[in-house]
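Participant: Contents of start_30.cif (mmCIF, C-alpha atoms and all ligand atoms) are given next:
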data_data
loop_
_atom_site.label_atom_id
_atom_site.label_comp_id
_atom_site.auth_asym_id
_atom_site.auth_seq_id
_atom_site.Cartn_x
_atom_site.Cartn_y
_atom_site.Cartn_z
CA MET A 279 1.48 87.87 11.24
CA ASN A 280 0.92 88.32 7.49
CA SER A 281 -1.44 85.85 5.87
CA LYS A 282 1.48 84.91 3.56
CA GLN A 283 4.11 83.32 5.73
CA VAL A 284 7.80 82.53 5.65
CA VAL A 285 8.25 78.79 6.14
CA LEU A 286 11.48 76.88 6.70
CA ILE A 287 11.27 73.11 6.09
CA THR A 288 13.87 70.47 6.96
CA GLY A 289 14.42 67.38 4.81
CA SER A 290 12.87 68.89 1.67
CA SER A 291 14.75 66.83 -0.93
CA THR A 292 12.05 64.16 -1.23
CA GLY A 293 8.79 62.87 0.25
CA PHE A 294 6.68 64.96 2.61
CA GLY A 295 9.18 67.82 2.90
CA ARG A 296 9.25 68.29 -0.87
CA LEU A 297 5.44 68.17 -1.08
CA PHE A 298 5.02 70.60 1.83
CA GLY A 299 7.26 73.12 0.06
CA GLU A 300 5.45 72.87 -3.26
CA THR A 301 1.98 72.93 -1.68
CA LEU A 302 2.69 75.94 0.56
CA ALA A 303 4.51 77.90 -2.18
CA ARG A 304 1.58 77.35 -4.58
CA LYS A 305 -0.56 79.17 -1.97
CA GLY A 306 1.86 82.11 -1.95
CA HIS A 307 3.87 81.28 1.17
CA THR A 308 7.62 81.87 0.96
CA VAL A 309 9.41 78.55 1.39
CA PHE A 310 12.98 77.79 2.40
CA ALA A 311 13.37 74.19 1.29
CA THR A 312 16.39 72.93 3.19
CA MET A 313 18.25 69.71 2.46
CA ARG A 314 21.59 67.99 2.82
CA ASP A 315 24.12 68.44 0.06
CA PRO A 316 22.07 70.30 -2.59
CA GLY A 317 25.23 70.71 -4.68
CA GLY A 318 26.10 67.00 -4.62
CA ARG A 319 24.01 63.98 -3.64
CA ASN A 320 20.77 66.02 -3.75
CA ALA A 321 21.72 68.12 -6.81
CA LYS A 322 18.99 66.53 -8.95
CA ASN A 323 16.31 67.14 -6.28
CA ALA A 324 17.47 70.72 -5.72
CA SER A 325 17.50 71.43 -9.44
CA GLU A 326 13.99 69.96 -9.92
CA ILE A 327 12.68 72.21 -7.13
CA ARG A 328 14.39 75.30 -8.60
CA THR A 329 13.07 74.47 -12.09
CA LEU A 330 9.52 74.10 -10.74
CA ALA A 331 9.86 77.38 -8.83
CA GLU A 332 10.96 79.17 -12.00
CA LYS A 333 8.32 77.57 -14.23
CA GLU A 334 5.41 78.37 -11.89
CA SER A 335 6.95 81.56 -10.36
CA LEU A 336 6.87 80.01 -6.91
CA PRO A 337 8.63 81.63 -3.92
CA ILE A 338 10.82 78.60 -3.08
CA HIS A 339 14.48 78.94 -2.12
CA VAL A 340 16.73 75.91 -1.68
CA LEU A 341 19.16 76.05 1.25
CA GLU A 342 21.66 73.54 2.57
CA MET A 343 20.97 72.09 6.03
CA ASP A 344 22.05 68.91 7.78
CA VAL A 345 19.99 68.74 10.98
CA THR A 346 22.73 66.76 12.76
CA ASP A 347 25.18 69.66 12.40
CA ASP A 348 24.76 72.78 14.59
CA ALA A 349 26.80 74.98 12.25
CA SER A 350 24.85 73.87 9.19
CA VAL A 351 21.53 74.55 10.95
CA GLY A 352 22.76 77.98 12.06
CA ARG A 353 23.89 78.92 8.53
CA ALA A 354 20.54 77.97 6.98
CA VAL A 355 18.49 79.86 9.57
CA ASP A 356 20.75 82.93 9.18
CA ALA A 357 20.42 82.75 5.37
CA ALA A 358 16.61 82.59 5.59
CA ILE A 359 16.53 85.57 7.96
CA ALA A 360 18.93 87.52 5.73
CA LYS A 361 16.68 86.90 2.70
CA ALA A 362 13.16 87.19 4.20
CA GLY A 363 13.76 89.13 7.42
CA ARG A 364 11.77 86.61 9.49
CA ILE A 365 10.72 83.00 9.91
CA ASP A 366 7.05 82.48 10.70
CA VAL A 367 6.89 78.69 10.52
CA VAL A 368 9.45 75.94 11.01
CA ILE A 369 8.53 72.45 9.84
CA ASN A 370 10.73 69.85 11.53
CA ASN A 371 10.35 67.07 8.99
CA ALA A 372 13.80 65.48 8.44
CA GLY A 373 13.86 61.93 9.69
CA TYR A 374 14.16 58.28 8.76
CA TYR A 375 12.88 54.85 9.76
CA LEU A 376 14.98 52.22 11.50
CA SER A 377 13.62 48.67 11.27
CA GLY A 378 14.67 45.60 13.20
CA LEU A 379 14.51 43.79 16.51
CA GLU A 380 15.62 46.19 19.24
CA GLU A 381 18.44 43.95 20.51
CA ALA A 382 19.90 43.88 17.00
CA VAL A 383 20.11 47.70 16.78
CA THR A 384 23.64 48.83 17.69
CA THR A 385 24.20 51.71 20.08
CA GLU A 386 25.71 53.70 17.23
CA GLN A 387 22.62 53.13 15.04
CA ALA A 388 20.38 54.23 17.92
CA GLN A 389 22.45 57.36 18.54
CA ARG A 390 22.41 58.30 14.86
CA LEU A 391 18.63 57.91 14.70
CA MET A 392 18.06 60.09 17.77
CA ASP A 393 20.55 62.64 16.44
CA THR A 394 18.37 63.12 13.35
CA ASN A 395 14.78 62.38 14.41
CA PHE A 396 14.95 64.04 17.85
CA LEU A 397 18.03 66.25 18.27
CA GLY A 398 17.54 67.60 14.73
CA SER A 399 14.44 69.42 15.95
CA VAL A 400 16.24 70.56 19.10
CA ARG A 401 18.94 72.20 16.93
CA VAL A 402 16.53 73.80 14.46
CA ASN A 403 14.17 75.11 17.14
CA ARG A 404 17.07 76.57 19.15
CA ALA A 405 18.30 78.38 16.03
CA ALA A 406 14.87 79.69 14.99
CA LEU A 407 13.31 80.55 18.35
CA PRO A 408 15.29 83.73 19.12
CA HIS A 409 13.92 85.17 15.85
CA MET A 410 10.35 84.04 16.60
CA ARG A 411 10.54 85.41 20.15
CA ARG A 412 11.75 88.74 18.79
CA GLN A 413 8.80 88.70 16.35
CA ARG A 414 6.48 87.66 19.22
CA SER A 415 4.95 85.12 16.87
CA GLY A 416 5.79 81.86 15.15
CA VAL A 417 4.83 78.25 14.70
CA LEU A 418 6.97 75.16 15.24
CA ILE A 419 5.49 72.15 13.44
CA HIS A 420 6.91 68.75 14.34
CA ILE A 421 6.39 65.82 11.97
CA SER A 422 5.98 62.99 14.41
CA SER A 423 4.06 59.83 13.43
CA GLY A 424 1.23 57.58 14.54
CA ALA A 425 4.27 55.70 15.85
CA GLY A 426 4.81 58.65 18.20
CA ARG A 427 1.75 57.35 20.09
CA VAL A 428 1.56 53.59 19.45
CA VAL A 429 4.33 51.00 19.43
CA LEU A 430 5.10 48.48 16.71
CA PRO A 431 7.49 45.58 17.37
CA SER A 432 10.65 46.02 15.28
CA ALA A 433 10.11 49.80 15.28
CA GLY A 434 10.99 50.45 18.93
CA PHE A 435 13.82 52.90 18.30
CA TYR A 436 11.85 54.78 15.63
CA CYS A 437 8.89 54.98 18.04
CA ALA A 438 11.23 56.12 20.84
CA SER A 439 12.58 58.92 18.62
CA LYS A 440 9.04 60.11 17.82
CA PHE A 441 7.82 59.72 21.45
CA ALA A 442 10.80 61.89 22.45
CA LEU A 443 9.89 64.44 19.79
CA GLU A 444 6.28 64.52 21.05
CA ALA A 445 7.41 65.25 24.63
CA LEU A 446 9.72 68.04 23.49
CA ALA A 447 7.10 69.61 21.22
CA GLU A 448 4.47 69.49 23.98
CA ALA A 449 6.79 71.09 26.54
CA TYR A 450 7.56 73.84 24.00
CA THR A 451 3.82 74.49 23.66
CA TYR A 452 3.45 75.24 27.35
CA GLU A 453 6.64 77.29 27.62
CA LEU A 454 6.13 79.42 24.49
CA ALA A 455 2.37 80.05 24.64
CA GLY A 456 2.85 83.19 26.73
CA GLN A 457 5.05 84.69 24.01
CA GLY A 458 2.62 84.14 21.14
CA ILE A 459 4.45 81.12 19.69
CA GLU A 460 2.71 77.84 18.90
CA SER A 461 4.22 74.35 18.89
CA VAL A 462 2.24 71.79 16.95
CA ILE A 463 2.60 68.04 16.35
CA LEU A 464 1.46 66.35 13.15
CA GLN A 465 1.17 62.57 13.38
CA PRO A 466 0.98 60.98 9.93
CA GLY A 467 0.07 57.33 9.57
CA GLN A 468 1.74 55.34 6.78
CA TYR A 469 2.08 57.23 3.46
CA GLU A 470 3.78 56.52 0.18
CA THR A 471 7.12 58.35 0.12
CA PRO A 472 10.74 57.23 -0.35
CA VAL A 473 10.80 56.53 3.44
CA PHE A 474 10.52 52.77 2.95
CA GLY A 475 13.43 52.71 0.47
CA ASN A 476 15.51 54.84 2.87
CA THR A 477 14.90 52.55 5.86
CA VAL A 478 17.96 51.57 7.89
CA THR A 479 18.05 47.94 9.06
CA ALA A 480 19.27 46.73 12.46
CA ALA A 481 22.91 45.76 11.94
CA ASP A 482 23.36 42.80 14.27
CA GLN A 483 22.05 39.97 12.07
CA GLY A 484 23.60 37.36 14.38
CA ARG A 485 21.24 38.35 17.21
CA THR A 486 18.24 38.62 14.88
CA ASP A 487 18.84 35.05 13.70
CA THR A 488 18.39 33.72 17.25
CA TYR A 489 14.86 35.13 17.68
CA GLY A 490 12.74 32.35 16.16
CA PRO A 491 9.35 33.51 14.80
CA ALA A 492 9.90 37.05 16.14
CA LYS A 493 12.61 37.57 13.54
CA GLU A 494 9.79 37.85 10.97
CA PHE A 495 8.36 40.96 12.74
CA PRO A 496 10.28 43.53 10.66
CA ALA A 497 9.18 41.99 7.34
CA LYS A 498 5.57 41.67 8.54
CA VAL A 499 5.42 45.23 9.88
CA ASN A 500 7.14 46.77 6.85
CA GLY A 501 4.97 44.77 4.44
CA ALA A 502 1.80 45.90 6.21
CA LEU A 503 2.95 49.54 6.31
CA SER A 504 3.89 49.76 2.64
CA SER A 505 0.86 47.84 1.37
CA THR A 506 -1.59 50.15 3.19
CA ALA A 507 0.25 53.45 2.57
CA GLY A 508 -1.88 56.44 1.60
CA ASN A 509 -1.33 59.36 -0.79
CA ALA A 510 1.27 61.70 0.77
CA GLN A 511 -0.47 64.79 -0.64
CA GLU A 512 -3.06 64.31 2.17
CA VAL A 513 -0.32 65.12 4.68
CA ALA A 514 0.72 68.21 2.69
CA GLU A 515 -2.91 69.41 2.72
CA ALA A 516 -2.98 68.89 6.51
CA VAL A 517 0.17 71.01 6.85
CA LEU A 518 -1.37 73.72 4.68
CA ARG A 519 -4.50 73.76 6.90
CA ILE A 520 -2.34 74.03 10.03
CA VAL A 521 -0.21 76.86 8.57
CA GLU A 522 -3.35 78.75 7.54
CA THR A 523 -5.14 78.28 10.90
CA PRO A 524 -5.06 81.63 12.75
CA MET A 525 -2.54 82.08 15.56
CA GLY A 526 -3.83 80.85 18.88
CA GLU A 527 -6.42 78.56 17.30
CA LYS A 528 -4.22 75.59 16.42
CA GLN A 529 -4.48 72.23 18.17
CA LEU A 530 -1.42 70.74 19.83
CA ARG A 531 -1.82 67.44 17.93
CA TYR A 532 -3.21 66.46 14.54
CA PHE A 533 -3.43 62.85 13.39
CA VAL A 534 -3.85 62.09 9.69
CA GLY A 535 -3.73 58.55 8.34
CA PRO A 536 -5.20 55.95 6.03
CA GLN A 537 -6.08 53.77 9.08
CA ASP A 538 -6.92 54.91 12.61
CA PHE A 539 -6.01 52.54 15.43
CA GLY A 540 -7.11 55.05 18.07
CA VAL A 541 -4.39 57.71 17.97
CA ASP A 542 -7.06 60.43 18.24
CA GLU A 543 -8.39 58.68 21.37
CA ILE A 544 -4.93 58.70 22.97
CA ASN A 545 -4.55 62.37 22.04
CA ALA A 546 -7.93 63.25 23.58
CA LEU A 547 -7.18 61.36 26.80
CA SER A 548 -3.71 62.89 26.99
CA LYS A 549 -5.22 66.38 26.58
CA ARG A 550 -7.56 65.78 29.54
CA VAL A 551 -4.79 64.36 31.72
CA GLN A 552 -2.39 67.17 30.82
CA THR A 553 -5.03 69.77 31.69
CA SER A 554 -5.28 68.22 35.17
CA VAL A 555 -1.48 68.06 35.51
CA LEU A 556 -1.06 71.73 34.61
CA GLU A 557 -3.87 72.71 37.02
CA ALA A 558 -2.36 70.59 39.81
CA PHE A 559 1.01 72.34 39.35
CA GLY A 560 -0.60 75.80 39.27
CA LEU A 561 0.51 76.30 35.65
CA ALA A 562 -2.84 76.41 33.82
CA ALA A 563 -3.01 80.20 33.36
CA ASP A 564 0.64 80.72 32.42
CA THR A 565 0.58 78.02 29.74
CA LYS A 566 -2.36 79.57 27.84
CA PHE A 567 -1.63 81.12 24.42
CA ARG A 568 -1.30 84.91 24.49
CA LYS A 569 -0.99 86.77 21.20
CA GLY A 570 2.22 88.76 20.92
CA LYS A 571 2.33 89.46 24.68
CA ALA A 572 5.57 90.93 25.92
CA ALA A 573 6.29 88.09 28.35
CA GLY A 574 9.93 87.05 28.45
CA THR A 575 12.96 88.64 26.83
CA VAL A 576 15.04 87.59 23.88
N1 LIG B 1 6.04 58.27 5.02
C1 LIG B 1 5.47 57.88 6.13
O1 LIG B 1 4.69 56.91 6.13
C2 LIG B 1 5.69 58.62 7.40
C3 LIG B 1 4.77 58.46 8.43
C4 LIG B 1 4.94 59.16 9.61
C5 LIG B 1 5.99 60.02 9.75
N2 LIG B 1 6.90 60.16 8.74
C6 LIG B 1 7.99 61.12 8.95
O2 LIG B 1 7.97 62.08 7.91
C7 LIG B 1 9.27 62.65 7.77
C8 LIG B 1 9.64 62.71 6.30
O3 LIG B 1 9.73 61.38 5.80
P1 LIG B 1 9.24 60.94 4.36
O4 LIG B 1 8.21 59.90 4.54
O5 LIG B 1 8.94 62.12 3.52
O6 LIG B 1 10.55 60.16 3.82
P2 LIG B 1 11.78 60.63 2.88
O7 LIG B 1 11.28 60.94 1.51
O8 LIG B 1 12.81 59.57 3.06
O9 LIG B 1 12.24 62.00 3.53
C9 LIG B 1 13.12 62.10 4.60
C10 LIG B 1 13.84 63.40 4.47
O10 LIG B 1 14.66 63.59 5.64
C11 LIG B 1 15.93 64.01 5.18
N3 LIG B 1 17.01 63.79 6.14
C12 LIG B 1 17.43 62.64 6.69
N4 LIG B 1 18.49 62.89 7.50
C13 LIG B 1 18.71 64.23 7.44
C14 LIG B 1 19.66 65.10 8.03
N5 LIG B 1 20.62 64.66 8.87
N6 LIG B 1 19.59 66.43 7.76
C15 LIG B 1 18.65 66.91 6.91
N7 LIG B 1 17.74 66.13 6.30
C16 LIG B 1 17.78 64.80 6.56
C17 LIG B 1 16.15 63.24 3.88
O11 LIG B 1 17.18 63.89 3.16
P3 LIG B 1 18.30 63.17 2.23
O12 LIG B 1 17.73 63.25 0.84
O13 LIG B 1 19.51 64.02 2.39
O14 LIG B 1 18.49 61.77 2.74
C18 LIG B 1 14.78 63.42 3.25
O15 LIG B 1 14.65 64.67 2.64
C19 LIG B 1 10.21 61.81 8.64
O16 LIG B 1 10.44 62.47 9.85
C20 LIG B 1 9.41 60.54 8.87
O17 LIG B 1 9.76 59.91 10.09
C21 LIG B 1 6.77 59.49 7.56
#
Hey, can you dump this file as C-alpha cells for me?
Facilitator:
Amino acid sequence: MNSKQVVLITGSSTGFGRLFGETLARKGHTVFATMRDPGGRNAKNASEIRTLAEKESLPIHVLEMDVTDDASVGRAVDAAIAKAGRIDVVINNAGYYLSGLEEAVTTEQAQRLMDTNFLGSVRVNRAALPHMRRQRSGVLIHISSGAGRVVLPSAGFYCASKFALEALAEAYTYELAGQGIESVILQPGQYETPVFGNTVTAADQGRTDTYGPAKEFPAKVNGALSSTAGNAQEVAEAVLRIVETPMGEKQLRYFVGPQDFGVDEINALSKRVQTSVLEAFGLAADTKFRKGKAAGTV
C-alpha cells in the first residue's frame, strides 16, 4: 500500500466525517467525502468542502451516498474506483442518535436507526470489499461509540445499533485477516458535533408520560453528554493515527474520549476472552493477519 491512501468516508457533510476528510486530505490522502443530497439539502456543506479543497489544493472529492440505499452506495463506490483506481480505507461514520425510553421508540424508528447505524456499514463494506480483496489490502474503520460497550438508559436502541456494529466489525477482522485486510473499531466518547441537534426523539410520548421519574432519563443523559463533550478534532487525529499505522499493526479497538468509564478495560477483557474462544474453536492461526497473502478468491 502507498503511504498516501485513498479514503472513502460516509456521512461527511458535518461533524466527525467532515473533520476526518479535511484532516486526512491535509496529510495528502485522497478523500472521497460522501454525503446525502450534495446538490440539495447538503449543497452548502458540499460547496464549503469543495471551496476548502480548491483554496488549500486538497485532494477531496464530494460524492453522493445514502447508506440506506444499496444503489446509492454502489454508485459512490464505483465512482471512487473509476477516479482513483482503488479504495484503501473505508470509514463507516454515517449515523445518528436516538433518545428516549425504549418502550416509547416505535418499531419503525428502531428499524430506521438500524438501517443507518448498522446496515449502512453492511452495505458499504459489501460494495468496497471486492475491490479491497482484489488489491489484497484495505482497512475498514467503523465509527462505533463508547455506547458500543456500555449502556445508558434512554439510549438503548442507539447502544444496540453500535453493539451490533461492533460484532460485525469484529467478525470481519477474523474473516479478512488472511487476505491482508484490517477491520478496526473506533469508539469515541461524547464530542461536540451537530449530533445532539440531529438527535431523533422516541415518538410515543403517551408511554413516556407514564414512566414517573424515569421519564427524566433522556434529559439527564443528554444534558450530561452535551455538557461534558470534548473537541471533535481529537477523534479526527485518532483516525489519522489509525490510517497511518502500518498494515498488520493496527488494534481491533481504539477508545478515545473526554471521560473513561472503563471502556478500555472491557476491550482488554474482551480481547483475552476472544483469544480463548478462537483457540477453543481451532481458529487462532487462520484469523491472524497475513499481508497480501493469496488466500481466498474474489
Ligand atoms: N459526537 C459524538 O459524541 C459521537 C460519539 C460517538 C460516536 N459518534 C458517531 O459518530 C458518527 C458521526 O456523528 P457526528 O457526531 O459527527 O454527528 P453529525 O454531525 O450529525 O454527523 C452524522 C453524519 O451522518 C450522516 N448520515 C445520517 N444518515 C445518513 C444516511 N442515511 N446516509 C448517509 N449519511 C447519513 C449525516 O448526514 P446528513 O447531513 O445527510 O444528515 C451526517 O453527515 C455517528 O455514527 C455517531 O453515532 C458520535
Participant: Which residue gives the smallest distance to A:His339 among A:Ala321, A:Val355, A:Val309, A:Ile459, with only C-alpha atoms counted?
Facilitator: A:Val309
Participant: What's around A:Asn320 at 12 Å? Count all atoms listed in the file, leave out sequence neighbours fewer than 3 positions away in its own chain, and write the answer as a list in words.
Facilitator: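 In the requested format, the answer is Gly289, Ser290, Ser291, Thr292, Thr312, Met313, Arg314, Asp315, Pro316, Gly317, Asn323, Ala324, Ser325, Glu326, Ile327, Val340, Leu341, Glu342, Met343 and Asp344 of chain A.
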Participant: My list of candidates is A:Lys566, A:Lys305, A:Arg412, A:Arg364. Which is closest to A:Arg519 when distances are computed with all atoms listed in the file?
Facilitator: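 Using all atoms listed in the file, the shortest distance to A:Arg519 belongs to A:Lys305.
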Participant: Kindly compute an axis-aligned box around the listed atoms of stretch 539-547 of chain A, allowing 8 Å on each side, and express its centre and edge lengths in Å to one decimal as lines of an AutoDock Vina configuration file.
Facilitator:
center_x = -6.4
center_y = 57.9
center_z = 21.1
size_x = 20.0
size_y = 26.7
size_z = 27.4
Participant: Give me, as a PDB file with C-alpha atoms, keeping the file's coordinate frame, the set of residues whose atoms come within 6 Å of any atom of ligand LIG 1 (chain B), counting all atoms listed in the file.
Facilitator:
ATOM      1  CA  THR A 288      13.870  70.470   6.960  1.00  0.00           C
ATOM      2  CA  GLY A 289      14.420  67.380   4.810  1.00  0.00           C
ATOM      3  CA  SER A 290      12.870  68.890   1.670  1.00  0.00           C
ATOM      4  CA  SER A 291      14.750  66.830  -0.930  1.00  0.00           C
ATOM      5  CA  THR A 292      12.050  64.160  -1.230  1.00  0.00           C
ATOM      6  CA  GLY A 293       8.790  62.870   0.250  1.00  0.00           C
ATOM      7  CA  PHE A 294       6.680  64.960   2.610  1.00  0.00           C
ATOM      8  CA  GLY A 295       9.180  67.820   2.900  1.00  0.00           C
ATOM      9  CA  MET A 313      18.250  69.710   2.460  1.00  0.00           C
ATOM     10  CA  ARG A 314      21.590  67.990   2.820  1.00  0.00           C
ATOM     11  CA  MET A 343      20.970  72.090   6.030  1.00  0.00           C
ATOM     12  CA  ASP A 344      22.050  68.910   7.780  1.00  0.00           C
ATOM     13  CA  VAL A 345      19.990  68.740  10.980  1.00  0.00           C
ATOM     14  CA  THR A 346      22.730  66.760  12.760  1.00  0.00           C
ATOM     15  CA  ASN A 371      10.350  67.070   8.990  1.00  0.00           C
ATOM     16  CA  ALA A 372      13.800  65.480   8.440  1.00  0.00           C
ATOM     17  CA  GLY A 373      13.860  61.930   9.690  1.00  0.00           C
ATOM     18  CA  TYR A 374      14.160  58.280   8.760  1.00  0.00           C
ATOM     19  CA  TYR A 375      12.880  54.850   9.760  1.00  0.00           C
ATOM     20  CA  THR A 394      18.370  63.120  13.350  1.00  0.00           C
ATOM     21  CA  ILE A 421       6.390  65.820  11.970  1.00  0.00           C
ATOM     22  CA  SER A 422       5.980  62.990  14.410  1.00  0.00           C
ATOM     23  CA  SER A 423       4.060  59.830  13.430  1.00  0.00           C
ATOM     24  CA  PRO A 466       0.980  60.980   9.930  1.00  0.00           C
ATOM     25  CA  GLY A 467       0.070  57.330   9.570  1.00  0.00           C
ATOM     26  CA  GLN A 468       1.740  55.340   6.780  1.00  0.00           C
ATOM     27  CA  TYR A 469       2.080  57.230   3.460  1.00  0.00           C
ATOM     28  CA  GLU A 470       3.780  56.520   0.180  1.00  0.00           C
ATOM     29  CA  THR A 471       7.120  58.350   0.120  1.00  0.00           C
ATOM     30  CA  PRO A 472      10.740  57.230  -0.350  1.00  0.00           C
ATOM     31  CA  VAL A 473      10.800  56.530   3.440  1.00  0.00           C
ATOM     32  CA  ASN A 476      15.510  54.840   2.870  1.00  0.00           C
TER      33      ASN A 476
END
Participant: Figure out the distance between atom CA of A:Gly299 and atom CA of A:Gly434, please, to one decimal in Å.
Facilitator: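 So the two atoms, atom CA of A:Gly434 and atom CA of A:Gly299, lie 29.7 Å apart.
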Participant: Would you mind telling me which residue in A:Phe533, A:Gly484, A:Asn509, A:Phe559 lies nearest to A:Ala425 when using all atoms listed in the file?
Facilitator: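 Looking at the shortest contact to A:Ala425, the residue is A:Phe533.
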Participant: When you count only C-alpha atoms, which of these residues is closest to A:Ala438: A:Ala331, A:Leu391, A:Ala558, A:Leu407?
Facilitator: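 Of the candidates, the smallest distance to A:Ala438 is held by A:Leu391.
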Participant: What is the atom CA of A:Val367-atom CA of A:Val521 distance in Å, reported with one decimal?
Facilitator: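 Going from atom CA of A:Val367 over to atom CA of A:Val521, I get 7.6 Å.
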